[in-house]
>>> print(open('run.tsv').read())   # TSV, C-alpha atoms
chain	number	residue	atom	x	y	z
U	713	MET	CA	108.87	137.19	302.64
U	714	TYR	CA	111.17	137.40	299.67
U	715	LEU	CA	110.56	135.85	296.26
U	716	VAL	CA	113.70	134.28	294.88
U	717	ILE	CA	113.84	134.24	291.10
U	718	SER	CA	116.26	131.77	289.66
U	719	SER	CA	118.12	132.60	286.50
U	720	PRO	CA	117.76	130.33	283.42
U	721	LEU	CA	121.38	129.28	283.95
U	722	ASP	CA	120.64	128.04	287.47
U	723	ILE	CA	117.54	126.18	286.29
U	724	GLY	CA	119.52	124.55	283.48
U	725	THR	CA	122.29	123.56	285.87
U	726	ARG	CA	119.81	121.92	288.26
U	727	MET	CA	118.09	120.08	285.41
U	728	VAL	CA	121.42	118.75	284.15
U	729	ALA	CA	122.33	117.66	287.67
U	730	MET	CA	118.99	115.86	288.10
U	731	LEU	CA	119.35	114.18	284.70
U	732	ASN	CA	122.91	113.15	285.51
U	733	GLU	CA	121.84	111.72	288.87
U	734	TRP	CA	118.98	109.78	287.27
U	735	LEU	CA	121.04	108.50	284.33
U	736	TRP	CA	123.91	107.12	286.38
U	737	GLN	CA	121.91	105.21	288.90
U	738	GLU	CA	123.74	102.04	289.90
U	739	GLN	CA	120.74	99.82	289.16
U	740	TYR	CA	121.02	100.71	285.44
U	741	TRP	CA	124.73	100.03	284.99
U	742	LEU	CA	125.85	97.59	287.66
U	743	PRO	CA	124.69	94.15	288.85
U	744	PRO	CA	122.68	94.03	292.10
U	745	GLY	CA	124.78	94.52	295.23
U	746	ILE	CA	127.62	96.40	293.51
U	747	ARG	CA	128.20	100.12	293.94
U	748	TRP	CA	130.34	102.59	292.01
U	749	GLN	CA	132.81	102.69	294.90
U	750	ASP	CA	133.34	98.93	294.60
U	751	ILE	CA	134.74	99.15	291.09
U	752	GLU	CA	137.10	102.08	291.56
U	753	MET	CA	140.60	101.11	290.45
U	754	LYS	CA	143.95	102.68	291.07
U	755	ASP	CA	146.16	103.86	288.23
U	756	GLU	CA	148.50	100.89	288.58
U	757	ASP	CA	145.54	98.49	288.18
U	758	GLY	CA	144.91	99.71	284.64
U	759	ARG	CA	142.31	101.80	282.76
U	760	PHE	CA	138.68	101.47	283.79
U	761	PRO	CA	136.04	102.46	281.18
U	762	MET	CA	134.39	105.79	281.93
U	763	PRO	CA	131.49	107.24	279.90
U	764	ARG	CA	133.35	110.54	279.49
U	765	ASP	CA	135.95	108.67	277.42
U	766	LEU	CA	133.38	108.48	274.61
U	767	LEU	CA	133.25	112.27	274.15
U	768	ILE	CA	136.32	112.07	271.95
U	769	THR	CA	134.40	110.00	269.37
U	770	LEU	CA	132.47	113.00	267.97
U	771	PRO	CA	135.53	115.05	266.91
U	772	LEU	CA	137.11	111.82	265.65
U	773	ALA	CA	133.98	111.18	263.55
U	774	PHE	CA	134.46	114.53	261.78
U	775	ALA	CA	138.15	113.68	261.38
U	776	PHE	CA	137.11	110.43	259.67
U	777	ILE	CA	134.86	112.37	257.29
U	778	ALA	CA	137.72	114.73	256.39
U	779	LEU	CA	140.13	111.83	255.97
U	780	ARG	CA	137.63	110.05	253.73
U	781	TYR	CA	137.33	113.17	251.54
U	782	VAL	CA	141.10	113.29	251.08
U	783	PHE	CA	141.37	109.52	250.55
U	784	GLU	CA	138.70	109.43	247.85
U	785	ARG	CA	140.30	112.20	245.80
U	786	ILE	CA	143.96	111.31	246.19
U	787	ILE	CA	143.84	107.50	246.26
U	788	ALA	CA	140.41	106.08	245.40
U	789	ILE	CA	139.73	107.97	242.15
U	790	PRO	CA	143.14	107.22	240.56
U	791	PHE	CA	142.84	103.62	241.73
U	792	SER	CA	139.40	103.32	240.12
U	793	LYS	CA	140.87	104.45	236.80
U	794	CYS	CA	143.62	101.85	237.11
U	795	LEU	CA	141.01	99.13	237.56
U	796	GLY	CA	139.01	100.39	234.59
U	797	VAL	CA	135.94	101.82	236.33
U	798	LYS	CA	133.85	103.65	233.74
U	799	ASP	CA	130.94	106.00	234.27
U	800	GLN	CA	127.86	105.79	232.09
U	801	VAL	CA	127.28	108.84	229.91
U	802	ARG	CA	123.84	110.21	230.75
U	803	ILE	CA	121.76	112.72	228.84
U	804	ARG	CA	121.19	115.86	230.91
U	805	ALA	CA	117.62	117.12	231.17
U	806	GLN	CA	116.85	120.43	229.50
U	807	PRO	CA	116.43	123.33	231.99
U	808	ILE	CA	112.64	123.76	232.30
U	809	PRO	CA	111.83	125.77	235.47
U	810	LYS	CA	108.29	124.40	236.00
U	811	LEU	CA	109.37	120.79	235.67
U	812	GLU	CA	112.44	121.39	237.83
U	813	ALA	CA	110.29	122.92	240.59
U	814	PHE	CA	107.87	119.99	240.43
U	815	TYR	CA	110.78	117.54	240.53
U	816	GLU	CA	112.37	119.18	243.57
U	817	HIS	CA	109.30	119.94	245.67
U	818	VAL	CA	106.47	117.59	244.63
U	819	SER	CA	107.56	114.27	243.16
U	820	ARG	CA	110.39	112.77	241.15
U	821	GLN	CA	108.06	110.34	239.45
U	822	PRO	CA	104.75	112.03	238.55
U	823	SER	CA	101.53	110.11	238.03
U	824	GLN	CA	99.69	110.01	234.72
U	825	SER	CA	97.32	112.80	235.70
U	826	GLN	CA	100.24	114.97	236.82
U	827	VAL	CA	102.02	114.30	233.52
U	828	VAL	CA	98.94	115.51	231.62
U	829	SER	CA	98.71	118.64	233.78
U	830	LEU	CA	102.42	119.43	233.37
U	831	GLY	CA	102.13	118.91	229.62
U	832	ARG	CA	99.39	121.51	229.42
U	833	GLN	CA	101.37	123.98	231.54
U	834	CYS	CA	104.61	123.59	229.55
U	835	GLY	CA	103.10	123.00	226.13
U	836	LEU	CA	104.82	119.62	225.77
U	837	SER	CA	103.56	116.17	224.90
U	838	GLN	CA	103.18	113.50	227.57
U	839	ARG	CA	106.05	111.53	226.08
U	840	LYS	CA	108.40	114.51	226.32
U	841	ILE	CA	107.37	115.11	229.94
U	842	GLN	CA	108.06	111.46	230.84
U	843	THR	CA	111.38	111.55	228.99
U	844	TRP	CA	112.42	114.72	230.83
U	845	PHE	CA	111.74	113.17	234.23
U	846	ARG	CA	113.57	110.00	233.22
U	847	HIS	CA	116.64	111.98	232.19
U	848	ARG	CA	116.43	114.08	235.35
U	849	ARG	CA	116.32	111.00	237.59
U	850	ASN	CA	119.24	109.44	235.75
U	851	GLN	CA	121.13	112.70	236.19
U	852	ASP	CA	120.87	112.35	239.98
U	853	LYS	CA	122.02	108.74	240.09
U	854	PRO	CA	125.51	108.30	241.56
U	855	SER	CA	128.29	107.39	239.15
U	856	ASN	CA	130.28	104.17	239.33
U	857	THR	CA	133.31	106.16	240.43
U	858	LYS	CA	131.42	107.60	243.42
U	859	LYS	CA	130.22	104.13	244.43
U	860	PHE	CA	133.72	102.71	243.99
U	861	CYS	CA	135.23	105.43	246.21
U	862	GLU	CA	132.68	104.76	248.95
U	863	ALA	CA	133.28	101.00	248.82
U	864	SER	CA	137.07	101.40	248.82
U	865	TRP	CA	136.96	103.65	251.91
U	866	ARG	CA	134.87	101.15	253.84
U	867	PHE	CA	137.04	98.29	252.61
U	868	LEU	CA	140.16	100.00	253.93
U	869	PHE	CA	138.69	100.67	257.36
U	870	TYR	CA	137.11	97.23	257.82
U	871	LEU	CA	140.29	95.48	256.70
U	872	VAL	CA	142.53	97.49	259.06
U	873	SER	CA	140.00	97.17	261.89
U	874	PHE	CA	139.70	93.41	261.49
U	875	ALA	CA	143.45	92.86	261.24
U	876	THR	CA	144.32	95.02	264.26
U	877	GLY	CA	141.37	93.70	266.28
U	878	LEU	CA	142.34	90.11	265.63
U	879	ALA	CA	145.98	90.82	266.52
U	880	SER	CA	144.95	92.41	269.84
U	881	LEU	CA	142.45	89.68	270.78
U	882	ILE	CA	144.09	86.45	269.68
U	883	GLY	CA	146.30	86.38	272.78
U	884	THR	CA	143.52	87.15	275.28
U	885	PRO	CA	141.91	84.38	277.36
U	886	TRP	CA	138.33	85.40	276.48
U	887	PHE	CA	139.01	84.94	272.78
U	888	TRP	CA	139.25	81.19	273.38
U	889	ASP	CA	137.09	80.77	276.50
U	890	HIS	CA	134.03	83.01	276.61
U	891	LYS	CA	133.57	82.48	280.33
U	892	GLU	CA	136.56	84.76	280.78
U	893	CYS	CA	134.42	87.62	279.47
U	894	TRP	CA	132.61	87.64	282.80
U	895	ARG	CA	135.21	86.48	285.29
U	896	GLY	CA	135.80	89.37	287.70
U	897	TYR	CA	133.04	91.49	286.13
U	898	PRO	CA	132.52	94.43	286.45
U	899	LYS	CA	135.97	95.23	287.87
U	900	GLN	CA	137.90	94.45	284.68
U	901	PRO	CA	140.72	96.70	283.41
U	902	VAL	CA	140.80	97.62	279.73
U	903	ALA	CA	144.00	97.45	277.71
U	904	ASP	CA	144.99	100.49	275.64
U	905	ALA	CA	144.67	98.49	272.40
U	906	HIS	CA	141.06	97.55	273.19
U	907	TYR	CA	140.31	101.11	274.30
U	908	TRP	CA	141.38	102.49	270.92
U	909	TYR	CA	139.65	99.61	269.13
U	910	TYR	CA	136.41	100.76	270.76
U	911	ILE	CA	136.95	104.49	270.25
U	912	LEU	CA	137.89	104.24	266.56
U	913	GLU	CA	135.09	101.78	265.76
U	914	LEU	CA	132.49	104.00	267.42
U	915	SER	CA	133.89	107.10	265.69
U	916	PHE	CA	133.70	105.38	262.31
U	917	TYR	CA	130.03	104.44	262.75
U	918	PHE	CA	129.28	107.99	263.87
U	919	SER	CA	130.88	109.22	260.63
U	920	LEU	CA	128.75	106.79	258.59
U	921	LEU	CA	125.60	108.03	260.30
U	922	LEU	CA	126.56	111.68	259.76
U	923	SER	CA	127.26	111.13	256.06
U	924	VAL	CA	124.29	108.85	255.34
U	925	SER	CA	122.43	111.69	253.57
U	926	VAL	CA	125.19	112.13	250.96
U	927	ASP	CA	126.17	108.49	250.57
U	928	VAL	CA	124.72	106.19	247.92
U	929	LYS	CA	121.17	105.23	248.91
U	930	ARG	CA	120.85	101.48	248.54
U	931	LYS	CA	118.09	98.94	248.57
U	932	ASP	CA	118.53	98.29	252.30
U	933	PHE	CA	118.89	101.97	253.23
U	934	LYS	CA	116.48	101.83	256.18
U	935	GLU	CA	118.04	98.64	257.50
U	936	GLN	CA	121.50	100.22	257.26
U	937	VAL	CA	120.39	103.25	259.29
U	938	VAL	CA	118.87	100.98	261.94
U	939	HIS	CA	122.10	98.95	261.92
U	940	HIS	CA	124.25	102.07	262.44
U	941	ILE	CA	122.08	103.37	265.28
U	942	ALA	CA	121.91	99.97	267.01
U	943	THR	CA	125.68	99.57	266.62
U	944	ILE	CA	126.37	103.02	268.10
U	945	PHE	CA	124.12	102.31	271.09
U	946	LEU	CA	125.65	98.87	271.47
U	947	ILE	CA	129.27	100.06	271.40
U	948	GLY	CA	128.61	103.08	273.62
U	949	PHE	CA	126.57	101.23	276.22
U	950	SER	CA	128.88	98.20	276.32
U	951	TYR	CA	131.85	100.49	276.95
U	952	ALA	CA	130.10	102.47	279.69
U	953	ALA	CA	128.88	99.24	281.36
U	954	ASN	CA	132.33	97.60	280.90
U	955	TYR	CA	131.12	94.91	278.52
U	956	VAL	CA	134.35	95.58	276.65
U	957	ARG	CA	135.53	91.97	276.46
U	958	VAL	CA	132.42	90.61	274.79
U	959	GLY	CA	132.05	93.88	272.84
U	960	THR	CA	135.41	93.40	271.15
U	961	LEU	CA	134.27	89.94	270.02
U	962	VAL	CA	131.07	91.40	268.56
U	963	MET	CA	133.03	93.99	266.55
U	964	LEU	CA	135.53	91.40	265.33
U	965	VAL	CA	132.75	89.10	264.07
U	966	HIS	CA	131.17	91.94	262.09
U	967	ASP	CA	134.43	93.20	260.59
U	968	SER	CA	135.38	89.69	259.42
U	969	SER	CA	132.90	89.71	256.53
U	970	ASP	CA	132.36	93.41	255.84
U	971	PHE	CA	135.70	93.99	254.11
U	972	LEU	CA	134.98	91.03	251.78
U	973	LEU	CA	131.66	92.57	250.74
U	974	GLU	CA	133.24	95.95	250.03
U	975	SER	CA	136.03	94.36	247.97
U	976	ALA	CA	133.43	92.48	245.90
U	977	LYS	CA	131.64	95.78	245.26
U	978	MET	CA	134.87	97.40	244.10
U	979	PHE	CA	135.49	94.72	241.48
U	980	HIS	CA	131.81	94.79	240.51
U	981	TYR	CA	132.07	98.48	239.58
U	982	ALA	CA	135.28	97.71	237.67
U	983	VAL	CA	133.44	94.90	235.79
U	984	TRP	CA	135.91	92.26	236.92
U	985	THR	CA	133.11	89.70	236.87
U	986	THR	CA	135.08	86.57	237.74
U	987	THR	CA	136.91	88.21	240.65
U	988	CYS	CA	133.69	89.81	241.90
U	989	ASP	CA	131.79	86.50	241.80
U	990	SER	CA	134.60	84.65	243.59
U	991	LEU	CA	134.82	87.27	246.34
U	992	PHE	CA	131.07	87.28	246.73
U	993	VAL	CA	130.97	83.51	247.25
U	994	VAL	CA	133.73	83.79	249.88
U	995	PHE	CA	131.87	86.68	251.53
U	996	ALA	CA	128.59	84.74	251.55
U	997	VAL	CA	130.20	81.74	253.25
U	998	VAL	CA	131.97	83.89	255.87
U	999	PHE	CA	128.83	85.98	256.47
U	1000	LEU	CA	126.53	82.99	256.93
U	1001	VAL	CA	128.97	81.24	259.26
U	1002	THR	CA	129.84	84.26	261.42
U	1003	ARG	CA	126.41	85.91	261.55
U	1004	LEU	CA	124.11	82.87	261.71
U	1005	VAL	CA	126.32	80.43	263.62
U	1006	VAL	CA	129.14	82.12	265.56
U	1007	PHE	CA	127.23	85.26	266.58
U	1008	PRO	CA	124.03	83.65	267.98
U	1009	CYS	CA	125.54	80.36	269.21
U	1010	ARG	CA	128.65	81.77	270.83
U	1011	ILE	CA	128.34	85.49	271.53
U	1012	VAL	CA	124.60	85.87	272.18
U	1013	HIS	CA	124.64	82.62	274.16
U	1014	THR	CA	127.45	83.85	276.40
U	1015	THR	CA	125.73	87.21	277.05
U	1016	MET	CA	122.31	85.72	277.76
U	1017	VAL	CA	123.18	82.39	279.45
U	1018	VAL	CA	126.82	82.17	280.55
U	1019	SER	CA	126.85	85.65	282.11
U	1020	ARG	CA	124.12	84.63	284.59
U	1021	ASP	CA	126.59	82.29	286.26
U	1022	PHE	CA	128.57	85.37	287.38
U	1023	PHE	CA	125.91	87.98	288.22
U	1024	GLN	CA	122.16	88.44	288.46
U	1025	PRO	CA	120.33	90.09	285.53
U	1026	PHE	CA	119.82	93.85	285.72
U	1027	PHE	CA	118.76	96.64	283.35
U	1028	GLY	CA	122.09	96.70	281.51
U	1029	TYR	CA	121.87	92.95	280.94
U	1030	TYR	CA	118.46	93.21	279.25
U	1031	PHE	CA	119.28	96.35	277.26
U	1032	PHE	CA	122.53	94.91	275.91
U	1033	ASN	CA	120.88	91.66	274.86
U	1034	VAL	CA	117.99	93.47	273.17
U	1035	LEU	CA	120.49	95.37	271.01
U	1036	LEU	CA	122.24	92.12	270.11
U	1037	LEU	CA	118.90	90.59	269.08
U	1038	VAL	CA	118.16	93.63	266.89
U	1039	LEU	CA	121.46	93.01	265.10
U	1040	GLN	CA	120.60	89.34	264.75
U	1041	CYS	CA	117.28	90.20	263.09
U	1042	LEU	CA	119.18	92.33	260.56
U	1043	HIS	CA	121.59	89.43	260.02
U	1044	ILE	CA	118.68	87.13	259.17
U	1045	PHE	CA	117.26	89.70	256.73
U	1046	TRP	CA	120.60	90.11	254.94
U	1047	ALA	CA	121.21	86.35	254.97
U	1048	TYR	CA	117.90	85.88	253.14
U	1049	LEU	CA	119.01	88.30	250.41
U	1050	ILE	CA	122.42	86.63	250.16
U	1051	LEU	CA	120.88	83.17	249.86
U	1052	ARG	CA	118.70	84.47	247.03
U	1053	MET	CA	121.82	85.63	245.23
U	1054	LEU	CA	123.55	82.30	245.84
U	1055	TYR	CA	120.53	80.53	244.38
U	1056	LYS	CA	120.77	82.68	241.25
U	1057	PHE	CA	124.52	82.09	241.10
U	1058	VAL	CA	124.11	78.30	241.24
U	1059	PHE	CA	121.45	78.16	238.53
U	1060	THR	CA	122.63	80.98	236.24
U	1061	GLY	CA	126.40	80.82	236.82
U	1062	LYS	CA	126.86	84.47	237.77
U	1063	VAL	CA	125.92	87.01	240.41
U	1064	GLU	CA	123.43	89.32	238.75
U	1065	ARG	CA	122.98	91.95	241.45
U	1066	ASP	CA	124.07	92.61	244.99
U	1067	GLU	CA	120.76	91.91	246.69
U	1068	ARG	CA	122.18	92.95	250.06
U	1069	SER	CA	123.14	96.54	249.49
U	1070	ASP	CA	124.45	97.33	246.05
U	1071	GLU	CA	121.23	98.14	244.23
U	1072	GLU	CA	120.23	101.77	244.54
U	1073	SER	CA	116.78	102.28	245.99
U	1074	ASP	CA	115.98	105.66	244.50
U	1075	VAL	CA	112.76	106.62	242.85
U	1076	ASP	CA	113.51	104.57	239.74
U	1077	GLU	CA	113.45	101.19	241.49
U	1078	HIS	CA	109.70	100.89	240.82
U	1079	GLU	CA	110.17	101.81	237.19
U	1080	GLU	CA	110.33	98.85	234.88
U	1081	GLU	CA	113.15	99.45	232.40
U	1082	GLU	CA	114.84	102.63	231.38
U	1083	GLU	CA	114.17	103.63	227.83
U	1084	PRO	CA	117.30	103.26	225.67
U	1085	GLU	CA	119.12	106.52	225.12
U	1086	GLY	CA	121.49	107.91	222.54
U	1087	LYS	CA	122.45	106.21	219.27
U	1088	GLU	CA	122.12	102.73	220.70
U	1089	GLY	CA	118.58	103.55	221.85
U	1090	GLU	CA	117.67	104.84	218.40
U	1091	ARG	CA	119.00	101.66	216.77
U	1092	ASN	CA	117.03	99.49	219.20
U	1093	TYR	CA	113.93	101.54	218.60
U	1094	LYS	CA	114.29	101.18	214.82
U	1095	GLN	CA	114.81	97.44	215.13
U	1096	ARG	CA	111.71	97.06	217.28
U	1097	LYS	CA	109.75	99.21	214.84
U	1098	GLU	CA	110.88	97.10	211.87
U	1099	ASN	CA	109.96	93.90	213.72
U	1100	ILE	CA	106.51	95.24	214.54
U	1101	ASN	CA	106.00	96.40	210.94
U	1102	SER	CA	107.06	93.02	209.58
U	1103	LYS	CA	104.68	91.26	211.93
U	1104	LEU	CA	101.84	93.59	210.93
U	1105	THR	CA	102.62	93.03	207.26
U	1106	LEU	CA	102.66	89.27	207.73
U	1107	LEU	CA	99.38	89.46	209.62
U	1108	ALA	CA	97.83	91.61	206.90
U	1109	ASN	CA	99.03	89.22	204.18
U	1110	ASN	CA	97.54	86.31	206.07
U	1111	CYS	CA	94.25	88.15	206.33
U	1112	VAL	CA	94.30	88.88	202.56
U	1113	LEU	CA	95.13	85.27	201.75
U	1114	ASN	CA	92.36	84.07	204.01
U	1115	ASN	CA	89.88	86.40	202.32
U	1116	LEU	CA	90.94	85.23	198.85
U	1117	THR	CA	90.69	81.59	199.90
U	1118	ASN	CA	87.24	82.11	201.36
U	1119	GLN	CA	86.15	83.94	198.20
U	1120	ARG	CA	87.34	81.03	195.97
U	1121	ASN	CA	85.53	78.49	198.14
U	1122	LEU	CA	82.36	80.56	197.96
U	1123	ASN	CA	82.58	80.84	194.14
U	1124	SER	CA	83.14	77.08	193.78
U	1125	ARG	CA	80.08	76.33	195.92
U	1126	LEU	CA	78.00	78.75	193.86
U	1127	ARG	CA	79.03	77.00	190.60
U	1128	LYS	CA	78.10	73.62	192.06
U	1129	ALA	CA	74.75	74.95	193.17
U	1130	ARG	CA	73.98	76.27	189.68
>>> encode(input="run.tsv", output="structure tokens")
Amino acid sequence: MYLVISSPLDIGTRMVAMLNEWLWQEQYWLPPGIRWQDIEMKDEDGRFPMPRDLLITLPLAFAFIALRYVFERIIAIPFSKCLGVKDQVRIRAQPIPKLEAFYEHVSRQPSQSQVVSLGRQCGLSQRKIQTWFRHRRNQDKPSNTKKFCEASWRFLFYLVSFATGLASLIGTPWFWDHKECWRGYPKQPVADAHYWYYILELSFYFSLLLSVSVDVKRKDFKEQVVHHIATIFLIGFSYAANYVRVGTLVMLVHDSSDFLLESAKMFHYAVWTTTCDSLFVVFAVVFLVTRLVVFPCRIVHTTMVVSRDFFQPFFGYYFFNVLLLVLQCLHIFWAYLILRMLYKFVFTGKVERDERSDEESDVDEHEEEEEPEGKEGERNYKQRKENINSKLTLLANNCVLNNLTNQRNLNSRLRKAR
């Protein structure tokens, strides 16, 4: 009897083969009664989506990151100067090793007890400790130029993606009749234009997810990460399961409003208030119509209801619709923030902040108001001090006058009594 010892390479190969066999079971990807052999197409029939086609998206994602780096430095930064984007001058925190170590490894916003402890260790007053942390947090905030470059890059991609996607879809039958999304499914060839539409869109969202740690962290940071992950799963799975026809409609609906939002951000950083407000109103209308009306009533309805006229539900049907419902929940959340902004715009006449994703959600968002800095801060502080002193003086005078009046009344009563 011989004992056969398998090498780690053989074990790994068998595990990969077992995983591959389990992952590509027909019951996950195809409607009941259809096998992989049934959907094989010849070269003259056209391109059929294959999961291995998506492997090219990872190198393309890194290519997008490199292209963005070049675009921001050669085009976006000079363009921001032309529009008048200005960065706020911030006071840099003094290099104090103990405070810097606490800021990096413990907390960026210490509690009152921690401020007292740090003051004792560094020999500084509590006010100086708080001021140091405030300056250090402001030092880490992204500049307007950085935010403008990020918005301009996304604006360029969403605009080109929407324009090319619309041009490739407007002549297709499923753009006008959503039943055509399922006619002949799953044996549906994919045009080269729609293939590249899918590949480039998926590569772009991969690049956003890879660069999320260095991008500007906004108020809806967590929701944006969930959106990117859900979108990547949605695009990848819909391509592998040949939901390409309805998938192109989903991407087109999303791109239709995204480039408007990014353009509004660009003019917001350039302080073109009127242009920014006008673009935001247009974006809000397009967003509410496409995300709360077109997306659920047309696209989700055709994937959940109309598709059942052509095949029986299977795992891919449920998984795809769950991802669409996750996106719809995010749409409702963002629509709530946008409606809040529209309410402010109607009653105040201007858009105060981008409630959706333009307000940074760093550690200072729970801080009330930043203390004024520089010469302007000193002037404001002196004015407040003078106002307080004048009020105290007036209060003191009133107290003196009241005392004198009471003393006179008391003396008059004493005279009458005598």
>>> closest_residue(input="run.tsv", among="U:Ser1019, U:Leu972, U:Ser792, U:Asp904", to="Cys988 of chain U", atoms="all atoms listed in the file")
U:Leu972
>>> closest_residue(input="run.tsv", among="U:Tyr917, U:Tyr951, U:Phe867, U:Trp984", to="Val938 of chain U", atoms="only C-alpha atoms")
U:Tyr917
>>> closest_residue(input="run.tsv", among="U:Leu1049, U:Leu991, U:Val818, U:Leu766", to="Gly948 of chain U", atoms="all atoms listed in the file")
U:Leu766
>>> closest_residue(input="run.tsv", among="U:Arg957, U:His966, U:Lys810, U:His1013", to="Pro901 of chain U", atoms="all atoms listed in the file")
U:Arg957
>>> closest_residue(input="run.tsv", among="U:Cys794, U:Gln900, U:Lys859, U:Ala773", to="Ala953 of chain U", atoms="all atoms listed in the file")
U:Gln900
>>> atom_distance(input="run.tsv", atom1="atom CA of Ile777 of chain U", atom2="atom CA of Val937 of chain U")
17.2 Å
>>> residues_around(input="run.tsv", residues="Leu1004 of chain U", least_positions_apart="2", cutoff="12 Å", atoms="all atoms listed in the file", output="PDB file with C-alpha atoms, in the coordinates of the input")
ATOM      1  CA  VAL U 965     132.750  89.100 264.070  1.00  0.00           C
ATOM      2  CA  HIS U 966     131.170  91.940 262.090  1.00  0.00           C
ATOM      3  CA  ALA U 996     128.590  84.740 251.550  1.00  0.00           C
ATOM      4  CA  VAL U 997     130.200  81.740 253.250  1.00  0.00           C
ATOM      5  CA  VAL U 998     131.970  83.890 255.870  1.00  0.00           C
ATOM      6  CA  PHE U 999     128.830  85.980 256.470  1.00  0.00           C
ATOM      7  CA  LEU U1000     126.530  82.990 256.930  1.00  0.00           C
ATOM      8  CA  VAL U1001     128.970  81.240 259.260  1.00  0.00           C
ATOM      9  CA  THR U1002     129.840  84.260 261.420  1.00  0.00           C
ATOM     10  CA  VAL U1006     129.140  82.120 265.560  1.00  0.00           C
ATOM     11  CA  PHE U1007     127.230  85.260 266.580  1.00  0.00           C
ATOM     12  CA  PRO U1008     124.030  83.650 267.980  1.00  0.00           C
ATOM     13  CA  CYS U1009     125.540  80.360 269.210  1.00  0.00           C
ATOM     14  CA  ARG U1010     128.650  81.770 270.830  1.00  0.00           C
ATOM     15  CA  ILE U1011     128.340  85.490 271.530  1.00  0.00           C
ATOM     16  CA  VAL U1012     124.600  85.870 272.180  1.00  0.00           C
ATOM     17  CA  LEU U1037     118.900  90.590 269.080  1.00  0.00           C
ATOM     18  CA  LEU U1039     121.460  93.010 265.100  1.00  0.00           C
ATOM     19  CA  GLN U1040     120.600  89.340 264.750  1.00  0.00           C
ATOM     20  CA  CYS U1041     117.280  90.200 263.090  1.00  0.00           C
ATOM     21  CA  LEU U1042     119.180  92.330 260.560  1.00  0.00           C
ATOM     22  CA  HIS U1043     121.590  89.430 260.020  1.00  0.00           C
ATOM     23  CA  ILE U1044     118.680  87.130 259.170  1.00  0.00           C
ATOM     24  CA  PHE U1045     117.260  89.700 256.730  1.00  0.00           C
ATOM     25  CA  TRP U1046     120.600  90.110 254.940  1.00  0.00           C
ATOM     26  CA  ALA U1047     121.210  86.350 254.970  1.00  0.00           C
ATOM     27  CA  TYR U1048     117.900  85.880 253.140  1.00  0.00           C
TER      28      TYR U1048
END
>>> residues_around(input="run.tsv", residues="Thr876 of chain U", least_positions_apart="2", cutoff="12 Å", atoms="all atoms listed in the file", output="list in words")
Phe869, Tyr870, Leu871, Val872, Ser873, Phe874, Leu878, Ala879, Ser880, Leu881, Ile882, Ala905, His906, Trp908, Tyr909, Tyr910, Leu912, Glu913, Thr960, Met963, Leu964, Asp967 and Ser968 of chain U
>>> closest_residue(input="run.tsv", among="U:Phe860, U:Tyr781, U:Phe1022, U:Trp844", to="Pro809 of chain U", atoms="all atoms listed in the file")
U:Trp844
>>> residues_near_point(input="run.tsv", point="(96.3, 114.6, 230.9)", cutoff="12 Å", atoms="all atoms listed in the file", output="VMD selection string")
chain U and resid 822 to 833 835 to 839 841
>>> atom_distance(input="run.tsv", atom1="atom CA of Ala942 of chain U", atom2="atom CA of Leu767 of chain U")
18.2 Å
>>> axis_aligned_box(input="run.tsv", around="segment 872-890 of chain U", padding_each_side="5 Å", output="AutoDock Vina command-line options")
--center_x 140.2 --center_y 89.1 --center_z 268.2 --size_x 22.3 --size_y 26.7 --size_z 28.3
>>> atom_distance(input="run.tsv", atom1="atom CA of Lys934 of chain U", atom2="atom CA of Leu772 of chain U")
24.8 Å
>>> residues_near_point(input="run.tsv", point="(114.8, 109.7, 235.0)", cutoff="9 Å", atoms="all atoms listed in the file", output="list in words")
Ala805, Arg820, Gln821, Gln842, Thr843, Trp844, Phe845, Arg846, His847, Arg848, Arg849, Asn850, Gln851, Asp852, Lys853, Val1075, Asp1076 and Glu1082 of chain U
